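Participant: The structure follows.
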Protein chains: 2
Amino acid sequence: MSLLNYFKTTKPNSAKLAKERLQILVAHERSSRNQPSYLPALQQELLQVIQKYIQIDQDAISVHFDSDDEQETLELNIVLPEPPQS
Amino acid sequence: MSLLNYFKTTKPNSAKLAKERLQILVAHERSSRNQPSYLPALQQELLQVIQKYIQIDQDAISVHFDSDDEQETLELNIVLPEPPQS
């Protein structure tokens with residue numbers, strides 16, 4: 001199963017919820033632990049880039065960071081403001 | 001299953017491969033299609049941000065973009081250069 005399919009099969013019924021969401025995942029597979037992690041810094045820059053395109057309420061961002069011997073993952077979940085009704 | 005678990009269960013044996021990989025996924029759930037997509041522009045900016053931290057060979061980047069009525073997804077897979085052996 002590709003990751004794109006994963007998103008498709010697990011998304012909630014967004015039409016019913018009428019909420020827009022943006023989800024960003026970063027996974028870094030490492031061959032060794034002897035490297036500094038740049039994911040926390042990257043997280044800040046990613047949010048800055050996204051805020052160029054859409055207005056984000058800081059309260060609407062949830063961040064999960066996980067790390068083990070082989071992989072670091074960063075997950076950002078953002079509930080977007082309601083778009084203007086046309 | 002959370003997305004973090006998905007990464008954990010599907011990753012290849014990176015220690016055996018001795019390859020570093022960075023994977024970035026962006027999923028945008030939309031409540032309507034009447035909006036311009038900013039994911040292609042976002043993709044370029046994401047790569048620029050990442051290149052501040054790591055050197056990326058353009059040939060090592062694969063990009064997949066998918067869109068349907070309710071969701072757009074952007075997937076970037078990057079094979080990182082071998083880290084210097086210590």
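The chains in the structure tokens are called A, B, ... from first to last as shown; in each chain the residues are counted from 1, and the ligands are counted from 1 in the order shown.
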Near B:Glu70, within 7 Å and counting only C-alpha atoms, which residues show up once chain neighbours fewer than 3 positions away are dropped, as a PDB file with all heavy atoms, in the first residue's frame?
Facilitator:
```
ATOM      1  N   GLU B  29      -6.938  18.210   2.965  1.00  0.00           N
ATOM      2  CA  GLU B  29      -8.357  17.876   2.814  1.00  0.00           C
ATOM      3  C   GLU B  29      -9.126  19.160   2.562  1.00  0.00           C
ATOM      4  O   GLU B  29      -9.044  20.107   3.335  1.00  0.00           O
ATOM      5  CB  GLU B  29      -8.890  17.230   4.097  1.00  0.00           C
ATOM      6  CG  GLU B  29      -8.398  15.841   4.310  1.00  0.00           C
ATOM      7  CD  GLU B  29      -8.834  15.320   5.668  1.00  0.00           C
ATOM      8  OE1 GLU B  29      -9.793  15.856   6.245  1.00  0.00           O
ATOM      9  OE2 GLU B  29      -8.179  14.395   6.160  1.00  0.00           O
ATOM     10  N   ARG B  30      -9.882  19.158   1.504  1.00  0.00           N
ATOM     11  CA  ARG B  30     -10.597  20.374   1.121  1.00  0.00           C
ATOM     12  C   ARG B  30     -12.098  20.184   1.294  1.00  0.00           C
ATOM     13  O   ARG B  30     -12.633  19.127   0.970  1.00  0.00           O
ATOM     14  CB  ARG B  30     -10.307  20.700  -0.348  1.00  0.00           C
ATOM     15  CG  ARG B  30      -8.853  20.980  -0.590  1.00  0.00           C
ATOM     16  CD  ARG B  30      -8.623  21.348  -2.016  1.00  0.00           C
ATOM     17  NE  ARG B  30      -8.821  20.195  -2.898  1.00  0.00           N
ATOM     18  CZ  ARG B  30      -8.613  20.235  -4.198  1.00  0.00           C
ATOM     19  NH1 ARG B  30      -8.218  21.363  -4.759  1.00  0.00           N
ATOM     20  NH2 ARG B  30      -8.800  19.173  -4.945  1.00  0.00           N
ATOM     21  N   SER B  31     -12.760  21.225   1.748  1.00  0.00           N
ATOM     22  CA  SER B  31     -14.215  21.149   1.834  1.00  0.00           C
ATOM     23  C   SER B  31     -14.865  21.526   0.515  1.00  0.00           C
ATOM     24  O   SER B  31     -16.031  21.261   0.290  1.00  0.00           O
ATOM     25  CB  SER B  31     -14.726  22.045   2.960  1.00  0.00           C
ATOM     26  OG  SER B  31     -14.272  23.362   2.798  1.00  0.00           O
TER      27      SER B  31
END
```
Participant: Chain B residues within 7 Å of chain A, counting only C-alpha atoms: which ones, as a PyMOL selection string?
Facilitator: chain B and resi 4+14-15+18-31+45-46+49+73
Participant: What is the distance between atom CA of B:Gln58 and atom CA of A:Gln43, in Å to one decimal?
Facilitator: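 Value for the atom CA of B:Gln58-atom CA of A:Gln43 distance: 22.0 Å.
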